[in-house]
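Reproduced below: my_file_5.tsv, with TSV, C-alpha atoms.
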chain	number	residue	atom	x	y	z
A	1	MET	CA	68.66	112.47	82.49
A	2	PRO	CA	69.01	111.49	78.82
A	3	SER	CA	67.20	113.73	76.35
A	4	ALA	CA	63.83	112.65	74.97
A	5	ALA	CA	65.55	111.78	71.68
A	6	THR	CA	68.01	109.47	73.46
A	7	LEU	CA	65.17	107.84	75.34
A	8	THR	CA	63.38	107.19	72.08
A	9	THR	CA	66.41	105.27	70.89
A	10	MET	CA	67.04	103.50	74.18
A	11	PHE	CA	63.51	102.24	74.65
A	12	ALA	CA	62.51	101.89	71.02
A	13	PRO	CA	60.81	98.49	71.55
A	14	ARG	CA	58.27	100.10	73.83
A	15	ARG	CA	57.30	103.00	71.62
A	16	ILE	CA	53.57	103.28	71.21
A	17	LYS	CA	51.97	104.04	67.85
A	18	HIS	CA	48.25	103.51	68.56
A	19	CYS	CA	45.89	104.18	71.45
A	20	ARG	CA	45.13	101.15	73.62
A	21	VAL	CA	41.59	102.43	74.27
A	22	CYS	CA	40.36	103.34	70.78
A	23	GLY	CA	43.11	102.31	68.31
A	24	THR	CA	43.66	105.80	66.85
A	25	ALA	CA	47.23	107.02	66.18
A	26	VAL	CA	48.99	108.68	69.12
A	27	HIS	CA	51.47	111.55	69.08
A	28	TYR	CA	54.21	112.20	71.62
A	29	VAL	CA	53.58	115.51	73.39
A	30	VAL	CA	53.98	116.92	76.89
A	31	PRO	CA	50.48	116.83	78.46
A	32	ALA	CA	49.20	119.77	80.54
A	33	ASP	CA	50.51	119.60	84.14
A	34	ASP	CA	53.32	117.27	83.03
A	35	ASN	CA	56.97	117.78	82.13
A	36	ARG	CA	57.66	114.78	79.88
A	37	GLU	CA	56.58	113.62	76.46
A	38	ARG	CA	53.89	110.94	76.59
A	39	ALA	CA	52.02	109.05	73.90
A	40	VAL	CA	48.68	110.90	73.80
A	41	CYS	CA	45.75	109.74	71.65
A	42	THR	CA	44.83	112.23	68.93
A	43	ALA	CA	41.17	111.15	69.16
A	44	CYS	CA	40.20	110.29	72.75
A	45	GLY	CA	43.09	112.01	74.58
A	46	GLU	CA	44.18	108.92	76.54
A	47	ILE	CA	47.68	109.38	77.98
A	48	HIS	CA	49.92	106.29	77.81
A	49	TYR	CA	52.61	106.24	80.49
A	50	GLU	CA	55.68	104.03	80.03
A	51	ASN	CA	57.58	102.97	83.13
A	52	PRO	CA	60.48	100.74	84.13
A	53	ILE	CA	59.59	97.12	84.82
A	54	ASN	CA	60.78	94.80	87.55
A	55	VAL	CA	62.82	91.63	87.20
A	56	VAL	CA	62.74	89.36	90.27
A	57	GLY	CA	64.89	86.36	91.12
A	58	THR	CA	66.76	84.41	93.76
A	59	VAL	CA	70.21	83.32	94.88
A	60	PRO	CA	69.42	79.66	95.71
A	61	VAL	CA	71.99	78.30	98.17
A	62	TRP	CA	72.98	74.72	99.08
A	63	GLY	CA	75.82	74.60	101.60
A	64	ASP	CA	78.71	76.48	100.00
A	65	GLN	CA	77.18	76.30	96.53
A	66	VAL	CA	74.76	78.48	94.54
A	67	LEU	CA	72.38	77.37	91.81
A	68	LEU	CA	72.79	78.82	88.32
A	69	CYS	CA	70.74	78.19	85.19
A	70	ARG	CA	72.07	78.07	81.64
A	71	ARG	CA	69.71	80.07	79.45
A	72	ASN	CA	67.86	78.31	76.65
A	73	ILE	CA	66.32	81.56	75.35
A	74	GLU	CA	67.50	84.88	73.96
A	75	PRO	CA	68.91	87.22	75.03
A	76	ARG	CA	72.16	85.63	76.17
A	77	LYS	CA	71.20	82.08	75.21
A	78	GLY	CA	73.84	79.62	76.47
A	79	LEU	CA	75.06	81.91	79.26
A	80	TRP	CA	74.51	81.38	82.99
A	81	THR	CA	72.05	83.28	85.17
A	82	LEU	CA	70.40	83.23	88.55
A	83	PRO	CA	66.75	82.19	88.16
A	84	ALA	CA	64.86	85.44	87.47
A	85	GLY	CA	62.16	86.95	85.28
A	86	PHE	CA	59.57	89.68	84.96
A	87	LEU	CA	57.34	90.45	87.93
A	88	GLU	CA	53.69	89.86	87.01
A	89	LEU	CA	50.59	91.80	87.97
A	90	GLY	CA	48.93	90.23	90.98
A	91	GLU	CA	52.10	88.99	92.69
A	92	SER	CA	54.60	90.42	95.16
A	93	THR	CA	58.32	90.63	94.42
A	94	SER	CA	58.99	87.72	96.78
A	95	ALA	CA	56.23	85.57	95.23
A	96	GLY	CA	57.54	86.41	91.74
A	97	ALA	CA	61.10	85.49	92.72
A	98	ALA	CA	59.90	82.14	94.08
A	99	ARG	CA	57.79	81.48	90.96
A	100	GLU	CA	60.73	82.18	88.63
A	101	THR	CA	62.92	79.82	90.66
A	102	ASP	CA	60.33	77.11	90.20
A	103	GLU	CA	59.76	77.82	86.50
A	104	GLU	CA	63.40	78.13	85.47
A	105	ALA	CA	65.09	75.62	87.76
A	106	GLY	CA	62.31	73.46	89.16
A	107	ALA	CA	64.00	73.95	92.53
A	108	ARG	CA	62.31	73.69	95.92
A	109	ILE	CA	63.34	76.63	98.11
A	110	GLU	CA	62.67	78.44	101.34
A	111	LEU	CA	62.72	82.12	100.46
A	112	GLN	CA	64.92	84.33	102.66
A	113	GLY	CA	65.54	88.08	102.76
A	114	LEU	CA	65.64	90.67	99.99
A	115	PHE	CA	69.29	90.91	98.97
A	116	THR	CA	69.95	93.21	95.97
A	117	VAL	CA	67.95	96.06	94.39
A	118	LEU	CA	69.76	97.06	91.18
A	119	ASN	CA	68.69	99.67	88.64
A	120	VAL	CA	69.42	98.91	85.00
A	121	VAL	CA	68.40	102.34	83.76
A	122	ARG	CA	69.41	101.84	80.14
A	123	ALA	CA	67.16	98.80	79.89
A	124	GLY	CA	64.29	100.43	81.80
A	125	GLN	CA	64.46	97.72	84.48
A	126	LEU	CA	64.83	97.29	88.22
A	127	HIS	CA	66.25	93.91	89.30
A	128	LEU	CA	65.45	92.55	92.78
A	129	PHE	CA	67.09	89.36	94.08
A	130	TYR	CA	66.22	87.42	97.25
A	131	ARG	CA	68.39	84.90	99.06
A	132	ALA	CA	66.86	81.43	99.14
A	133	LYS	CA	67.71	78.15	100.87
A	134	LEU	CA	67.50	75.09	98.62
A	135	LEU	CA	65.54	72.28	100.29
A	136	ASP	CA	67.08	69.54	98.15
A	137	THR	CA	69.26	69.17	95.05
A	138	ARG	CA	66.74	67.68	92.62
A	139	PHE	CA	66.24	70.27	89.88
A	140	ASP	CA	63.75	70.14	87.05
A	141	PRO	CA	64.54	72.99	84.65
A	142	GLY	CA	61.75	74.37	82.48
A	143	PRO	CA	61.93	75.08	78.73
A	144	GLU	CA	63.80	78.36	79.30
A	145	THR	CA	66.75	76.54	80.86
A	146	ILE	CA	69.29	74.17	79.26
A	147	GLU	CA	70.80	73.05	82.55
A	148	ALA	CA	70.59	73.93	86.25
A	149	ARG	CA	73.53	73.11	88.50
A	150	LEU	CA	75.33	74.07	91.68
A	151	PHE	CA	78.61	76.02	91.73
A	152	ARG	CA	81.08	76.70	94.52
A	153	GLU	CA	82.52	80.23	94.46
A	154	ASP	CA	85.71	79.05	92.69
A	155	GLU	CA	83.63	77.26	90.05
A	156	VAL	CA	81.32	80.16	89.07
A	157	PRO	CA	81.64	80.82	85.31
A	158	TRP	CA	82.29	84.56	85.78
A	159	ASP	CA	83.05	85.11	82.10
A	160	GLU	CA	79.87	83.36	80.99
A	161	LEU	CA	77.29	85.15	83.15
A	162	ALA	CA	74.28	86.46	81.23
A	163	PHE	CA	73.67	89.75	83.09
A	164	ARG	CA	75.64	92.30	85.08
A	165	THR	CA	73.04	92.26	87.84
A	166	VAL	CA	73.67	88.53	88.24
A	167	ARG	CA	77.42	89.13	88.50
A	168	GLN	CA	76.96	91.94	91.02
A	169	THR	CA	74.49	89.92	93.09
A	170	LEU	CA	76.88	86.94	93.19
A	171	GLU	CA	79.80	89.21	94.14
A	172	HIS	CA	77.78	90.70	97.01
A	173	PHE	CA	76.66	87.24	98.06
A	174	PHE	CA	80.15	85.75	98.36
A	175	ALA	CA	81.54	88.93	100.01
A	176	ASP	CA	78.72	88.99	102.59
A	177	ARG	CA	79.10	85.28	103.23
A	178	ARG	CA	82.79	85.82	104.00
A	179	SER	CA	81.94	88.72	106.33
A	180	GLY	CA	79.26	86.61	108.04
A	181	ARG	CA	76.55	89.25	107.61
A	182	PHE	CA	74.04	89.58	104.76
A	183	GLU	CA	72.78	93.09	104.07
A	184	VAL	CA	70.51	94.57	101.41
A	185	HIS	CA	72.56	96.09	98.59
A	186	ALA	CA	71.01	98.83	96.47
A	187	GLY	CA	72.70	100.43	93.49
A	188	ASP	CA	72.82	101.14	89.78
A	189	ILE	CA	74.37	99.27	86.87
A	190	ALA	CA	76.19	101.99	84.92
B	1	MET	CA	47.42	84.03	93.00
B	2	PRO	CA	44.08	85.62	92.11
B	3	SER	CA	42.29	84.12	89.10
B	4	ALA	CA	42.51	85.83	85.73
B	5	ALA	CA	38.93	87.03	86.23
B	6	THR	CA	39.83	88.68	89.55
B	7	LEU	CA	42.87	90.31	87.96
B	8	THR	CA	40.64	91.73	85.25
B	9	THR	CA	38.59	93.43	87.91
B	10	MET	CA	41.53	94.49	90.06
B	11	PHE	CA	43.47	96.12	87.26
B	12	ALA	CA	40.57	97.23	85.09
B	13	PRO	CA	42.07	100.67	84.39
B	14	ARG	CA	44.99	99.07	82.58
B	15	ARG	CA	43.01	96.76	80.35
B	16	ILE	CA	44.08	97.03	76.74
B	17	LYS	CA	41.52	97.10	73.91
B	18	HIS	CA	43.67	97.94	70.87
B	19	CYS	CA	47.16	97.05	69.64
B	20	ARG	CA	49.80	99.70	70.30
B	21	VAL	CA	51.62	98.77	67.06
B	22	CYS	CA	48.79	98.67	64.50
B	23	GLY	CA	45.59	99.79	66.29
B	24	THR	CA	43.63	96.57	65.65
B	25	ALA	CA	41.48	95.08	68.43
B	26	VAL	CA	43.28	92.70	70.82
B	27	HIS	CA	41.94	89.62	72.55
B	28	TYR	CA	43.11	88.16	75.84
B	29	VAL	CA	44.56	84.69	75.32
B	30	VAL	CA	47.44	82.64	76.70
B	31	PRO	CA	50.24	82.86	74.09
B	32	ALA	CA	52.29	79.78	73.16
B	33	ASP	CA	55.10	79.15	75.70
B	34	ASP	CA	53.29	81.29	78.27
B	35	ASN	CA	50.98	80.52	81.18
B	36	ARG	CA	49.01	83.75	81.54
B	37	GLU	CA	46.44	85.65	79.52
B	38	ARG	CA	47.95	88.56	77.60
B	39	ALA	CA	46.43	91.12	75.26
B	40	VAL	CA	47.39	89.73	71.84
B	41	CYS	CA	46.71	91.61	68.59
B	42	THR	CA	44.29	89.78	66.30
B	43	ALA	CA	46.06	91.23	63.23
B	44	CYS	CA	49.82	91.55	63.83
B	45	GLY	CA	50.16	89.19	66.81
B	46	GLU	CA	51.90	91.73	69.08
B	47	ILE	CA	51.80	90.59	72.72
B	48	HIS	CA	51.14	93.36	75.26
B	49	TYR	CA	52.56	92.61	78.70
B	50	GLU	CA	51.20	94.46	81.73
B	51	ASN	CA	53.43	94.70	84.79
B	52	PRO	CA	53.47	96.35	88.22
B	53	ILE	CA	54.90	99.86	88.32
B	54	ASN	CA	57.22	101.47	90.83
B	55	VAL	CA	56.49	104.39	93.14
B	56	VAL	CA	59.60	106.05	94.60
B	57	GLY	CA	59.90	108.57	97.40
B	58	THR	CA	61.83	109.77	100.43
B	59	VAL	CA	61.65	110.21	104.18
B	60	PRO	CA	63.16	113.73	104.43
B	61	VAL	CA	64.59	114.31	107.91
B	62	TRP	CA	65.47	117.51	109.79
B	63	GLY	CA	66.68	116.84	113.33
B	64	ASP	CA	63.88	114.94	115.05
B	65	GLN	CA	61.31	115.94	112.42
B	66	VAL	CA	60.15	114.44	109.10
B	67	LEU	CA	58.73	116.31	106.13
B	68	LEU	CA	55.20	115.48	104.98
B	69	CYS	CA	53.22	116.91	102.08
B	70	ARG	CA	49.46	117.51	102.03
B	71	ARG	CA	48.13	116.24	98.71
B	72	ASN	CA	46.50	118.68	96.31
B	73	ILE	CA	45.51	115.93	93.84
B	74	GLU	CA	43.38	112.82	93.83
B	75	PRO	CA	43.53	110.15	95.07
B	76	ARG	CA	43.49	111.11	98.77
B	77	LYS	CA	43.43	114.86	98.17
B	78	GLY	CA	43.87	116.73	101.47
B	79	LEU	CA	45.66	113.83	103.20
B	80	TRP	CA	49.35	113.75	104.14
B	81	THR	CA	52.06	111.78	102.36
B	82	LEU	CA	55.79	111.43	102.09
B	83	PRO	CA	56.98	112.95	98.80
B	84	ALA	CA	56.69	110.15	96.21
B	85	GLY	CA	55.55	109.39	92.69
B	86	PHE	CA	55.93	107.09	89.70
B	87	LEU	CA	59.41	106.07	88.59
B	88	GLU	CA	60.08	107.26	85.04
B	89	LEU	CA	61.92	105.55	82.20
B	90	GLY	CA	65.52	106.76	82.08
B	91	GLU	CA	65.99	107.27	85.81
B	92	SER	CA	67.11	105.12	88.73
B	93	THR	CA	64.95	104.60	91.81
B	94	SER	CA	67.21	106.95	93.83
B	95	ALA	CA	67.11	109.66	91.12
B	96	GLY	CA	63.33	109.31	90.90
B	97	ALA	CA	62.95	109.59	94.68
B	98	ALA	CA	65.06	112.76	94.69
B	99	ARG	CA	63.10	114.22	91.75
B	100	GLU	CA	59.76	113.61	93.45
B	101	THR	CA	61.04	115.27	96.63
B	102	ASP	CA	61.95	118.32	94.57
B	103	GLU	CA	58.71	118.35	92.57
B	104	GLU	CA	56.32	117.79	95.47
B	105	ALA	CA	58.05	119.64	98.31
B	106	GLY	CA	60.69	121.84	96.67
B	107	ALA	CA	63.04	120.54	99.34
B	108	ARG	CA	66.83	120.36	99.07
B	109	ILE	CA	68.08	116.99	100.28
B	110	GLU	CA	71.08	114.73	100.51
B	111	LEU	CA	69.80	111.28	99.58
B	112	GLN	CA	70.70	108.45	101.98
B	113	GLY	CA	70.08	104.69	101.89
B	114	LEU	CA	67.20	102.67	100.53
B	115	PHE	CA	64.83	102.18	103.45
B	116	THR	CA	61.55	100.39	102.55
B	117	VAL	CA	60.53	98.14	99.64
B	118	LEU	CA	56.78	97.52	99.94
B	119	ASN	CA	54.56	95.58	97.57
B	120	VAL	CA	51.03	96.87	97.05
B	121	VAL	CA	49.89	93.89	95.03
B	122	ARG	CA	46.24	94.91	94.73
B	123	ALA	CA	47.27	98.20	93.14
B	124	GLY	CA	49.92	96.59	90.91
B	125	GLN	CA	52.61	98.74	92.54
B	126	LEU	CA	55.95	98.43	94.32
B	127	HIS	CA	56.81	101.36	96.62
B	128	LEU	CA	60.46	102.16	97.40
B	129	PHE	CA	61.39	104.85	99.96
B	130	TYR	CA	64.86	106.27	100.66
B	131	ARG	CA	65.97	108.13	103.75
B	132	ALA	CA	67.07	111.70	103.02
B	133	LYS	CA	68.72	114.48	105.01
B	134	LEU	CA	67.12	117.91	104.56
B	135	LEU	CA	69.75	120.58	103.86
B	136	ASP	CA	67.54	123.46	105.00
B	137	THR	CA	63.90	124.10	105.93
B	138	ARG	CA	62.82	126.30	103.04
B	139	PHE	CA	60.20	124.33	101.09
B	140	ASP	CA	58.61	125.29	97.82
B	141	PRO	CA	55.76	122.83	97.13
B	142	GLY	CA	54.69	122.20	93.56
B	143	PRO	CA	51.11	122.18	92.23
B	144	GLU	CA	50.49	118.64	93.54
B	145	THR	CA	51.01	119.78	97.15
B	146	ILE	CA	48.84	122.06	99.31
B	147	GLU	CA	51.40	122.39	102.08
B	148	ALA	CA	54.77	120.88	103.09
B	149	ARG	CA	55.77	120.92	106.74
B	150	LEU	CA	57.86	119.20	109.38
B	151	PHE	CA	56.42	116.89	112.04
B	152	ARG	CA	57.91	115.42	115.19
B	153	GLU	CA	56.87	111.82	115.85
B	154	ASP	CA	54.17	112.89	118.32
B	155	GLU	CA	52.78	115.38	115.80
B	156	VAL	CA	52.42	113.01	112.81
B	157	PRO	CA	48.78	113.01	111.62
B	158	TRP	CA	48.51	109.20	111.71
B	159	ASP	CA	44.77	109.25	110.96
B	160	GLU	CA	45.21	111.53	107.98
B	161	LEU	CA	47.95	109.69	106.07
B	162	ALA	CA	47.23	109.12	102.38
B	163	PHE	CA	48.75	105.66	101.89
B	164	ARG	CA	49.49	102.56	103.96
B	165	THR	CA	53.04	102.41	102.59
B	166	VAL	CA	53.60	105.90	103.99
B	167	ARG	CA	52.32	104.81	107.40
B	168	GLN	CA	54.46	101.67	107.37
B	169	THR	CA	57.55	103.57	106.25
B	170	LEU	CA	57.10	106.18	109.01
B	171	GLU	CA	56.54	103.45	111.63
B	172	HIS	CA	59.77	101.70	110.54
B	173	PHE	CA	61.59	105.03	110.52
B	174	PHE	CA	60.70	106.01	114.09
B	175	ALA	CA	61.29	102.45	115.37
B	176	ASP	CA	64.72	102.25	113.73
B	177	ARG	CA	65.64	105.71	114.99
B	178	ARG	CA	64.85	104.59	118.53
B	179	SER	CA	66.95	101.45	118.07
B	180	GLY	CA	69.81	103.51	116.63
B	181	ARG	CA	70.14	101.35	113.52
B	182	PHE	CA	68.46	101.84	110.14
B	183	GLU	CA	67.88	98.70	108.09
B	184	VAL	CA	66.14	98.01	104.79
B	185	HIS	CA	62.58	96.79	105.36
B	186	ALA	CA	60.90	94.69	102.68
B	187	GLY	CA	57.33	93.49	102.86
B	188	ASP	CA	53.82	93.43	101.50
B	189	ILE	CA	50.79	95.59	102.18
B	190	ALA	CA	47.96	93.09	102.63
Please lay out the structure from this file as structure tokens.
Amino acid sequence: MPSAATLTTMFAPRRIKHCRVCGTAVHYVVPADDNRERAVCTACGEIHYENPINVVGTVPVWGDQVLLCRRNIEPRKGLWTLPAGFLELGESTSAGAARETDEEAGARIELQGLFTVLNVVRAGQLHLFYRAKLLDTRFDPGPETIEARLFREDEVPWDELAFRTVRQTLEHFFADRRSGRFEVHAGDIA
Amino acid sequence: MPSAATLTTMFAPRRIKHCRVCGTAVHYVVPADDNRERAVCTACGEIHYENPINVVGTVPVWGDQVLLCRRNIEPRKGLWTLPAGFLELGESTSAGAARETDEEAGARIELQGLFTVLNVVRAGQLHLFYRAKLLDTRFDPGPETIEARLFREDEVPWDELAFRTVRQTLEHFFADRRSGRFEVHAGDIA
């Protein structure tokens, strides 16, 4: 576990300065019956918890090829990714993965099994990828994507992938495909 | 997808009234380049995203028995649960599951594989349970637990379980144990 000071640095963008209920300034203290610093309102006492968020996506497959999207947004603009994005309230991880595939690639898919569950602790994220079967090869990328195209394993731009979870998911995918058996892979990105 | 109005009702406890950066009142509008209502600050423009949060826990096993904890806190005070709680920033899902097992049951475990990944969309939660091997049978429950004890399958208090994800995880566990093969089970709680 990093110290509270390290966490402050790591997750600086999420630090809370004012209470979401009443707008008063918060301070970071350990509430009664707790063991971690939380943003607590100095007026109404509201405790603001901050938790990791989920990123959901797919490995869309067409024959021996997978679909990658070239990012048109920061971070990692210009690099290649599997279609993925933040899970929203009101949707399941599988529904979110399908939605992101539609939004980023405009691809029609049949969603298959959960495939990777990868912690990115330093970023405060959990990434979950599903396998998906492409139903055709007409793609219609949204504004977040420069280009969506299919790659065989020997064509994957390994040095131009946007995220380590994408690399690890692709590595697991090609290894499992060779072995003839897809399993769920859970792990941490160091 | 529920409508925005339904979401407002479903996730009322999380609704944001003031900006976390400057304390000014927010309004819910669809930001440019977005397709959902977000709490946007009327002064500084900060966008406040609200996302599902993760609950992590274990199925602690001793021979043919599993460890359950009787809850000493609301919700579902007095009912039985697997040790579980909210994933914190700065920890992985496996580390969080081990921490909760220590905090709620005071049990010493060797963590094993990821076992269930269950969406509870209505609650805005994703529950992830790991299998775990108990190293001994001395338990030391924390303040959130009335009692921690071992149950054989025919002793499990099925009508007094606190959460549907706990029931589903236990059902998968006993079914997989009978089949002799543990797999990762992903799904949704309706």
| task | Provide as JSON, numbers by chain the residues of chain A at most 8 Å from chain B, counting only C-alpha atoms. | result | {"A": [1, 2, 7, 16, 17, 18, 19, 20, 21, 22, 23, 24, 25, 50, 51, 52, 53, 54, 86, 87, 88, 89, 90, 91, 92, 93, 114, 119, 120, 121, 122, 124, 184, 186, 188]}
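We find atom CA of Arg152 of chain A and atom CA of Glu74 of chain A to be spaced 26.0 Å apart.
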| Counting all atoms listed in the file, the option among A:Pro31, A:Pro141, A:Gly63, A:Gly78 closest to Thr101 of chain A |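 Of the candidates, the smallest distance to Thr101 of chain A is held by A:Pro141.
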| field | One-decimal distance in Å that lies between atom CA of His127 of chain B and atom CA of Glu46 of chain A | value | 24.9 Å
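For the pair atom CA of Glu160 of chain A and atom CA of Arg70 of chain A, the separation is 9.4 Å.
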| note | If you count only C-alpha atoms, the residue of A:Val30, A:Leu134, A:Ala175, A:Ala98 closest to Ile47 of chain A turns out to be A:Val30
Which residues are near Glu110 of chain A? Cut-off 12 Å, all atoms listed in the file, ignore same chain within fewer than 2 positions. Put them as a short mmCIF file (atom, residue, chain, number, x, y, z; two decimals) with C-alpha atoms, keeping the file's coordinate frame.
data_model
loop_
_atom_site.label_atom_id
_atom_site.label_comp_id
_atom_site.auth_asym_id
_atom_site.auth_seq_id
_atom_site.Cartn_x
_atom_site.Cartn_y
_atom_site.Cartn_z
CA THR A 58 66.76 84.41 93.76
CA VAL A 59 70.21 83.32 94.88
CA PRO A 60 69.42 79.66 95.71
CA VAL A 61 71.99 78.30 98.17
CA TRP A 62 72.98 74.72 99.08
CA SER A 94 58.99 87.72 96.78
CA ALA A 95 56.23 85.57 95.23
CA ALA A 97 61.10 85.49 92.72
CA ALA A 98 59.90 82.14 94.08
CA ARG A 99 57.79 81.48 90.96
CA THR A 101 62.92 79.82 90.66
CA ASP A 102 60.33 77.11 90.20
CA ALA A 107 64.00 73.95 92.53
CA ARG A 108 62.31 73.69 95.92
CA GLN A 112 64.92 84.33 102.66
CA GLY A 113 65.54 88.08 102.76
CA TYR A 130 66.22 87.42 97.25
CA ARG A 131 68.39 84.90 99.06
CA ALA A 132 66.86 81.43 99.14
CA LYS A 133 67.71 78.15 100.87
CA LEU A 134 67.50 75.09 98.62
CA LEU A 135 65.54 72.28 100.29
CA ASP A 136 67.08 69.54 98.15
#
| Excluding same-chain residues fewer than 2 positions from Gly85 of chain A, what lies within 7 Å of it counting only C-alpha atoms, as number ranges by chain? | A: 55-57, 87, 100
| field | Distance criterion (only C-alpha atoms): nearest to Phe151 of chain A out of A:Val66, A:Leu170, A:Val29, A:Ile109 | value |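 For Phe151 of chain A, the nearest of the candidates is A:Val66.
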Got a sec: who's within 6 Å of Arg71 of chain A, counting all atoms listed in the file, leaving out chain neighbours fewer than 3 positions off, as a PDB file with C-alpha atoms, keeping the file's coordinate frame?
ATOM      1  CA  LYS A  77      71.200  82.080  75.210  1.00  0.00           C
ATOM      2  CA  GLY A  78      73.840  79.620  76.470  1.00  0.00           C
ATOM      3  CA  LEU A  79      75.060  81.910  79.260  1.00  0.00           C
ATOM      4  CA  THR A 145      66.750  76.540  80.860  1.00  0.00           C
ATOM      5  CA  ILE A 146      69.290  74.170  79.260  1.00  0.00           C
TER       6      ILE A 146
END
